[in-house]
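*Asks:* Input: one structure, supplied below.
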Amino acid sequence: MTKLIINGSKGRMGQALIAGASRLPGYQVVGAVDQGDDIRTVIAGCDAVIEFSFHEVTADVAAACAEAGKALVIGTTGHSESEKAAIRALAAKVPIVWASNYSTGVNTLFWLTRKAAEILGPSFDLEVVEMHHRLKKDAPSGTATTLLEILGDVRKVQLSEALRHGREGIVGERTASEIGIHAIRGGDVVGDHTVIFAANGERVELTHKASSRDTFANGAIRAAGWLVGKDPGIYDMQDVLGLK
């Protein structure tokens, strides 16, 4: 039995995680922590912590896990570079699965995006479009950011120079090196992501659409079970799913 603490338990994903753990055999939620709670008072009783809250909180949660020797699954997005650095430093003490998206389908999209970018080559223009519910706070989404990082890695470009966040006014012709990103917000959309490869005469589009948060919750719970007992370090869902 893998004993879990859910940090961010009152949020949409926190509630989905608690419900998912109750349905899946071999898991038990032993702590539901949210704003105002001290995770250190309950962390001793768990095997792993699943963190879906706010980017400002994650480094402290990671520090608590490092102090207690507990595995950590991070689903929160929107971290600053300094926050990311603080979390990475703690991975020397405990194993961490850190992914922008825990859906099996999305992680297949990550894999397919890399392969398509490698096969299609530099003659195809690259654009990413994502849509989420109106309450989402960060943009572009963590999943879209991962897709952009994959494309930038294949093209060997710096995203700080290549990215174009939407377009407005007389921006001139599209350059061969730029990668477009477009964030749409509205309604109750759980998460849609499309990667567009466009060339003269043809276009390839890879799309994933999520209709339920259960897909993310189940993946994060699966990641927690996989992570317990692993060596310290940072892993992602590609590791969990055996796609590397």
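Each chain in the structure tokens gets a letter, A, B, ..., in the order shown, and its residues are numbered from 1; ligands are numbered from 1 in order too.
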With only C-alpha atoms as the counted atoms, please give the residues lying no more than 8 Å from Val30 of chain A, apart from itself and same-chain residues fewer than 3 positions off, as a list in words.

*Replies:*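 In the requested form, the answer reads Lys3, Leu4, Ile5, Gly45 and Cys46 of chain A.
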
*Asks:* Can you list, as a VMD selection string, every protein, DNA or RNA residue that comes within 6 Å of segment 127-144 of chain A when you count only C-alpha atoms, leaving out same-chain residues fewer than 3 positions away?

*Replies:* chain A and resid 77 to 78 100 to 101 147 179 to 196

*Asks:* Next, write the just-selected residues to a file, as an mmCIF file, in the first residue's frame, keeping N, CA and C atoms as the atom set.

*Replies:*
data_model
loop_
_atom_site.group_PDB
_atom_site.id
_atom_site.type_symbol
_atom_site.label_atom_id
_atom_site.label_comp_id
_atom_site.auth_asym_id
_atom_site.auth_seq_id
_atom_site.Cartn_x
_atom_site.Cartn_y
_atom_site.Cartn_z
ATOM 1 N N THR A 77 2.682 24.077 -12.004
ATOM 2 C CA THR A 77 3.428 24.722 -13.086
ATOM 3 C C THR A 77 3.569 26.216 -12.796
ATOM 4 N N GLY A 78 4.308 26.908 -13.661
ATOM 5 C CA GLY A 78 4.457 28.347 -13.543
ATOM 6 C C GLY A 78 5.608 28.795 -12.668
ATOM 7 N N SER A 100 5.086 18.396 -16.509
ATOM 8 C CA SER A 100 4.082 19.426 -16.775
ATOM 9 C C SER A 100 2.708 18.823 -16.997
ATOM 10 N N ASN A 101 2.661 17.516 -17.275
ATOM 11 C CA ASN A 101 1.393 16.866 -17.534
ATOM 12 C C ASN A 101 1.539 15.372 -17.247
ATOM 13 N N LEU A 147 6.121 21.210 -24.763
ATOM 14 C CA LEU A 147 6.104 21.019 -26.220
ATOM 15 C C LEU A 147 7.075 21.983 -26.906
ATOM 16 N N ILE A 179 9.119 30.109 -33.457
ATOM 17 C CA ILE A 179 8.147 29.103 -33.034
ATOM 18 C C ILE A 179 6.994 29.857 -32.385
ATOM 19 N N GLY A 180 5.806 29.720 -32.941
ATOM 20 C CA GLY A 180 4.655 30.450 -32.431
ATOM 21 C C GLY A 180 3.977 29.738 -31.283
ATOM 22 N N ILE A 181 3.502 30.510 -30.290
ATOM 23 C CA ILE A 181 2.731 29.940 -29.177
ATOM 24 C C ILE A 181 1.504 30.815 -28.944
ATOM 25 N N HIS A 182 0.351 30.195 -28.838
ATOM 26 C CA HIS A 182 -0.909 30.917 -28.720
ATOM 27 C C HIS A 182 -1.720 30.304 -27.576
ATOM 28 N N ALA A 183 -2.014 31.103 -26.555
ATOM 29 C CA ALA A 183 -2.750 30.649 -25.376
ATOM 30 C C ALA A 183 -4.168 31.207 -25.413
ATOM 31 N N ILE A 184 -5.152 30.309 -25.360
ATOM 32 C CA ILE A 184 -6.561 30.678 -25.395
ATOM 33 C C ILE A 184 -7.190 30.298 -24.056
ATOM 34 N N ARG A 185 -8.029 31.169 -23.518
ATOM 35 C CA ARG A 185 -8.687 30.905 -22.243
ATOM 36 C C ARG A 185 -10.188 31.113 -22.381
ATOM 37 N N GLY A 186 -10.971 30.185 -21.807
ATOM 38 C CA GLY A 186 -12.417 30.351 -21.848
ATOM 39 C C GLY A 186 -13.161 29.144 -21.315
ATOM 40 N N GLY A 187 -14.305 29.395 -20.721
ATOM 41 C CA GLY A 187 -15.183 28.313 -20.287
ATOM 42 C C GLY A 187 -14.556 27.378 -19.286
ATOM 43 N N ASP A 188 -14.853 26.071 -19.439
ATOM 44 C CA ASP A 188 -14.375 25.071 -18.491
ATOM 45 C C ASP A 188 -13.454 24.045 -19.154
ATOM 46 N N VAL A 189 -12.763 24.468 -20.210
ATOM 47 C CA VAL A 189 -11.904 23.550 -20.963
ATOM 48 C C VAL A 189 -10.810 22.991 -20.050
ATOM 49 N N VAL A 190 -10.712 21.679 -19.951
ATOM 50 C CA VAL A 190 -9.711 21.032 -19.092
ATOM 51 C C VAL A 190 -8.311 21.217 -19.667
ATOM 52 N N GLY A 191 -8.170 21.040 -20.983
ATOM 53 C CA GLY A 191 -6.869 21.244 -21.607
ATOM 54 C C GLY A 191 -6.812 20.691 -23.019
ATOM 55 N N ASP A 192 -6.585 21.573 -23.992
ATOM 56 C CA ASP A 192 -6.395 21.181 -25.387
ATOM 57 C C ASP A 192 -5.034 21.676 -25.847
ATOM 58 N N HIS A 193 -4.299 20.830 -26.558
ATOM 59 C CA HIS A 193 -2.984 21.215 -27.079
ATOM 60 C C HIS A 193 -2.826 20.704 -28.504
ATOM 61 N N THR A 194 -2.386 21.586 -29.390
ATOM 62 C CA THR A 194 -2.131 21.213 -30.778
ATOM 63 C C THR A 194 -0.758 21.717 -31.205
ATOM 64 N N VAL A 195 0.010 20.837 -31.811
ATOM 65 C CA VAL A 195 1.288 21.208 -32.421
ATOM 66 C C VAL A 195 1.100 21.177 -33.929
ATOM 67 N N ILE A 196 1.402 22.293 -34.580
ATOM 68 C CA ILE A 196 1.198 22.425 -36.027
ATOM 69 C C ILE A 196 2.549 22.464 -36.726
#

*Asks:* For the structure I just gave you, how does DSSP split segment 72-228 of chain A - specifically, which residues are strand (DSSP E or B)? Reply as a ChimeraX atom specification.

*Replies:* /A:72-74,95-98,125-132,163-165,179-185,191-199,202-210

*Asks:* Could you write those residues out with C-alpha atoms, as a compact mmCIF listing (two decimals), in the first residue's frame?

*Replies:*
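Resulting contents of part-v5.txt:
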# COMPACT_ATOMS: atom_id res chain seq x y z
CA LEU A 72 7.72 13.90 -4.32
CA VAL A 73 5.50 14.19 -7.40
CA ILE A 74 5.22 17.77 -8.71
CA PRO A 95 13.49 11.22 -5.83
CA ILE A 96 11.19 13.66 -7.63
CA VAL A 97 8.90 13.12 -10.59
CA TRP A 98 8.46 16.58 -12.13
CA ASP A 125 7.02 26.06 -39.65
CA LEU A 126 6.21 25.30 -35.99
CA GLU A 127 3.21 26.63 -34.06
CA VAL A 128 1.67 25.51 -30.75
CA VAL A 129 -1.91 26.34 -29.72
CA GLU A 130 -3.29 25.61 -26.25
CA MET A 131 -6.67 26.26 -24.63
CA HIS A 132 -7.67 26.02 -20.98
CA LEU A 163 9.30 32.23 -29.39
CA ARG A 164 6.52 34.44 -30.73
CA HIS A 165 3.63 34.87 -28.28
CA ILE A 179 8.15 29.10 -33.03
CA GLY A 180 4.66 30.45 -32.43
CA ILE A 181 2.73 29.94 -29.18
CA HIS A 182 -0.91 30.92 -28.72
CA ALA A 183 -2.75 30.65 -25.38
CA ILE A 184 -6.56 30.68 -25.39
CA ARG A 185 -8.69 30.91 -22.24
CA GLY A 191 -6.87 21.24 -21.61
CA ASP A 192 -6.39 21.18 -25.39
CA HIS A 193 -2.98 21.22 -27.08
CA THR A 194 -2.13 21.21 -30.78
CA VAL A 195 1.29 21.21 -32.42
CA ILE A 196 1.20 22.42 -36.03
CA PHE A 197 3.89 21.59 -38.59
CA ALA A 198 3.15 23.69 -41.70
CA ALA A 199 5.01 23.62 -45.01
CA GLU A 202 0.97 20.21 -46.62
CA ARG A 203 0.37 20.48 -42.90
CA VAL A 204 0.66 18.00 -40.03
CA GLU A 205 -1.25 18.60 -36.78
CA LEU A 206 -0.86 16.63 -33.55
CA THR A 207 -3.66 17.25 -31.04
CA HIS A 208 -4.54 16.06 -27.56
CA LYS A 209 -7.79 17.04 -25.84
CA ALA A 210 -8.50 16.27 -22.20

*Asks:* So that I can check the surroundings of segment 18-22 of chain A, please list as a list in words every protein, DNA and RNA residue that reaches within 8 Å of it, counting only C-alpha atoms and ignoring chain neighbours fewer than 2 positions away.

*Replies:*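 Final neighbour list, sorted by chain and number: Ile6, Ser9, Gly14, Gln15, Ala16, Leu24, Pro25, Tyr27, Gln28, Val29, Asp214, Ala217, Asn218 and Ile221 of chain A.
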
*Asks:* Would you kindly return, as number ranges by chain, each protein, DNA or RNA residue with an atom no farther than 12 Å from any atom of Ala62 of chain A, considering only C-alpha atoms and excluding same-chain residues fewer than 2 positions away?

*Replies:* A: 7, 39-40, 43, 48-51, 55-60, 64-74, 76, 83-98, 234

*Asks:* Export N, CA and C atoms of the chosen residues as a CSV table (one decimal), in the first residue's frame?

*Replies:*
chain,number,residue,atom,x,y,z
A,7,ASN,N,-1.0,17.6,-1.5
A,7,ASN,CA,-0.8,19.1,-1.2
A,7,ASN,C,-1.5,19.9,-2.3
A,39,ILE,N,2.5,20.9,6.3
A,39,ILE,CA,2.7,19.6,5.8
A,39,ILE,C,3.7,18.8,6.7
A,40,ARG,N,4.5,19.5,7.4
A,40,ARG,CA,5.5,18.8,8.2
A,40,ARG,C,4.9,18.1,9.4
A,43,ILE,N,3.8,14.6,7.4
A,43,ILE,CA,4.6,14.0,6.4
A,43,ILE,C,5.2,12.7,6.8
A,48,ALA,N,4.9,9.1,-0.2
A,48,ALA,CA,5.1,10.1,-1.2
A,48,ALA,C,4.1,11.2,-1.1
A,49,VAL,N,4.6,12.4,-1.5
A,49,VAL,CA,3.7,13.6,-1.5
A,49,VAL,C,3.4,13.9,-3.0
A,50,ILE,N,2.2,14.2,-3.3
A,50,ILE,CA,1.8,14.7,-4.6
A,50,ILE,C,1.4,16.2,-4.5
A,51,GLU,N,2.1,17.0,-5.2
A,51,GLU,CA,2.0,18.5,-5.0
A,51,GLU,C,1.4,19.1,-6.2
A,55,HIS,N,2.9,27.7,-7.5
A,55,HIS,CA,4.4,27.7,-7.7
A,55,HIS,C,5.2,28.2,-6.6
A,56,GLU,N,4.7,29.2,-5.8
A,56,GLU,CA,5.4,29.8,-4.7
A,56,GLU,C,5.6,28.7,-3.6
A,57,VAL,N,4.8,27.7,-3.6
A,57,VAL,CA,4.7,26.7,-2.4
A,57,VAL,C,5.7,25.5,-2.7
A,58,THR,N,5.9,25.2,-3.9
A,58,THR,CA,6.5,23.9,-4.3
A,58,THR,C,7.9,23.7,-3.6
A,59,ALA,N,8.7,24.8,-3.6
A,59,ALA,CA,10.1,24.6,-3.1
A,59,ALA,C,10.0,24.3,-1.6
A,60,ASP,N,9.1,24.9,-0.8
A,60,ASP,CA,9.0,24.5,0.6
A,60,ASP,C,8.5,23.1,0.8
A,64,ALA,N,10.5,20.1,2.7
A,64,ALA,CA,9.9,19.2,3.7
A,64,ALA,C,10.1,17.7,3.4
A,65,CYS,N,9.9,17.4,2.1
A,65,CYS,CA,10.2,16.0,1.6
A,65,CYS,C,11.6,15.6,1.8
A,66,ALA,N,12.5,16.6,1.5
A,66,ALA,CA,14.0,16.3,1.6
A,66,ALA,C,14.3,16.0,3.1
A,67,GLU,N,13.7,16.8,4.0
A,67,GLU,CA,14.0,16.7,5.4
A,67,GLU,C,13.5,15.3,5.9
A,68,ALA,N,12.3,14.9,5.4
A,68,ALA,CA,11.7,13.6,5.9
A,68,ALA,C,12.1,12.4,5.1
A,69,GLY,N,12.8,12.6,3.9
A,69,GLY,CA,13.2,11.5,3.1
A,69,GLY,C,12.0,10.9,2.3
A,70,LYS,N,11.1,11.7,1.9
A,70,LYS,CA,9.9,11.3,1.2
A,70,LYS,C,9.9,11.6,-0.3
A,71,ALA,N,9.4,10.7,-1.1
A,71,ALA,CA,9.3,10.9,-2.6
A,71,ALA,C,8.3,12.0,-2.9
A,72,LEU,N,8.6,12.8,-4.0
A,72,LEU,CA,7.7,13.9,-4.3
A,72,LEU,C,7.3,13.9,-5.8
A,73,VAL,N,6.0,14.0,-6.0
A,73,VAL,CA,5.5,14.2,-7.4
A,73,VAL,C,5.0,15.6,-7.5
A,74,ILE,N,5.6,16.4,-8.5
A,74,ILE,CA,5.2,17.8,-8.7
A,74,ILE,C,4.4,17.9,-10.0
A,76,THR,N,2.5,21.0,-10.1
A,76,THR,CA,2.3,22.5,-10.2
A,76,THR,C,3.2,23.1,-11.3
A,83,GLU,N,12.9,29.5,-8.4
A,83,GLU,CA,12.1,28.4,-7.8
A,83,GLU,C,12.5,27.1,-8.4
A,84,LYS,N,12.7,27.0,-9.7
A,84,LYS,CA,13.1,25.7,-10.3
A,84,LYS,C,14.5,25.3,-9.7
A,85,ALA,N,15.4,26.3,-9.6
A,85,ALA,CA,16.7,26.0,-9.1
A,85,ALA,C,16.7,25.4,-7.7
A,86,ALA,N,15.9,26.0,-6.9
A,86,ALA,CA,15.7,25.5,-5.5
A,86,ALA,C,15.2,24.1,-5.4
A,87,ILE,N,14.3,23.8,-6.3
A,87,ILE,CA,13.7,22.4,-6.3
A,87,ILE,C,14.7,21.4,-6.8
A,88,ARG,N,15.5,21.8,-7.9
A,88,ARG,CA,16.5,20.9,-8.4
A,88,ARG,C,17.6,20.6,-7.4
A,89,ALA,N,17.9,21.5,-6.6
A,89,ALA,CA,19.0,21.3,-5.6
A,89,ALA,C,18.5,20.3,-4.6
A,90,LEU,N,17.2,20.2,-4.3
A,90,LEU,CA,16.7,19.2,-3.3
A,90,LEU,C,16.6,17.8,-3.9
A,91,ALA,N,16.7,17.7,-5.2
A,91,ALA,CA,16.6,16.4,-5.8
A,91,ALA,C,17.8,15.5,-5.5
A,92,ALA,N,18.9,16.1,-5.0
A,92,ALA,CA,20.1,15.4,-4.5
A,92,ALA,C,19.8,14.5,-3.3
A,93,LYS,N,18.6,14.8,-2.6
A,93,LYS,CA,18.3,14.1,-1.4
A,93,LYS,C,17.2,13.1,-1.6
A,94,VAL,N,16.2,13.4,-2.5
A,94,VAL,CA,15.0,12.6,-2.6
A,94,VAL,C,14.7,12.4,-4.1
A,95,PRO,N,14.0,11.3,-4.4
A,95,PRO,CA,13.5,11.2,-5.8
A,95,PRO,C,12.3,12.1,-6.1
A,96,ILE,N,12.3,12.7,-7.3
A,96,ILE,CA,11.2,13.7,-7.6
A,96,ILE,C,10.7,13.3,-9.1
A,97,VAL,N,9.5,13.1,-9.2
A,97,VAL,CA,8.9,13.1,-10.6
A,97,VAL,C,8.3,14.5,-10.8
A,98,TRP,N,8.8,15.2,-11.8
A,98,TRP,CA,8.5,16.6,-12.1
A,98,TRP,C,8.0,16.6,-13.6
A,234,ILE,N,15.8,13.7,-10.4
A,234,ILE,CA,14.6,14.2,-11.1
A,234,ILE,C,14.2,13.3,-12.2

*Asks:* Quick one, how far is atom CA of Gly169 of chain A from atom CA of Ile150 of chain A?

*Replies:*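 If I compute the distance from atom CA of Gly169 of chain A to atom CA of Ile150 of chain A, I get 28.5 Å.
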